[in-house]
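Step one of this worksheet: look at the structure below.
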Amino acid sequence: MRTAAPIFAALGDETRLSLVMRLSAGGPQSVGRLAAGASVTRQAVAKHLGILAEANLAHGDRAGREVIWRLDPQPLDEARHAIDRIAAEWDSALTNLKRFLEQPDQSTS
């Protein structure tokens, strides 16, 4: 879970989540292209990409004067596995609660 926390923190912002979705759908892109049509400035997009890079979700490679950003899907798989583990624990807890509630009341016998 400790490795998933920075991923969830990075994805917890609407702008960063949007950038991840755009990189996922459109492949590697420059900051300028990612900022086009966005509600934030190029500088804000660059800052958000830096946060995604700190969480190992995105990586930028210099291409001349531009930096081309690409998504790294491996941390998303880690986050998905963390969510799956949490869901399994909830399923188990709910199953135990259901069993407990369905037991006949032994105190009236």
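If you're wondering about the labels, chains in the structure tokens are A, B, ... by order shown, residues count from 1 in each chain, ligands from 1 in order shown.
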
Shell of 8 Å around region 22-29 of chain A, only C-alpha atoms, local chain residues under 2 positions omitted, as a VMD selection string = chain A and resid 18 to 20 31 33 to 34 68 to 71

Quick one: pick out all helix (DSSP H, G or I) residues within region 1-100 of chain A from a backbone DSSP run and write them as an MDAnalysis selection string.
-> chainID A and resid 5:11 14:26 31:35 42:54 74:100

Taking the backbone alone, and naming residues the way the document does, which bits of chain A are strand (DSSP E or B) by DSSP, as a ChimeraX atom specification?
-> /A:29-30,58-63,66-71

Of the candidates A:Leu76, A:Leu97, A:Leu49, A:Ala44, which one gets nearest to Thr3 (chain A) if we count only C-alpha atoms?
-> A:Leu76

Expressed in Å to a single decimal, how great is the separation between CA of Ala55 (chain A) and CA of Ala9 (chain A)?
->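 CA of Ala55 (chain A) sits 8.5 Å away from CA of Ala9 (chain A).
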
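Comparing A:Ala63, A:Ala10, A:Leu17, A:Ala79 by their smallest distance to Ile51 (chain A), the closest is A:Ala10 (using only C-alpha atoms).
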
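One finds CA of Asp13 (chain A) at 17.7 Å from CA of Gly37 (chain A).
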
Find the distance between CA of Arg85 (chain A) and CA of His59 (chain A) and write it in Å to one decimal.
-> 27.3 Å

Could you give me, as a list in words, the residues within 10 Å of Pro6 (chain A), counting only C-alpha atoms and dropping anything in the same chain fewer than 5 positions from it?
->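 Once the adjacent positions are removed, what remains is Met1, Leu11, Gly12, Ile51, Leu52, Glu54, Ala55, Asn56, Leu57, Pro75 and Ala79 of chain A.
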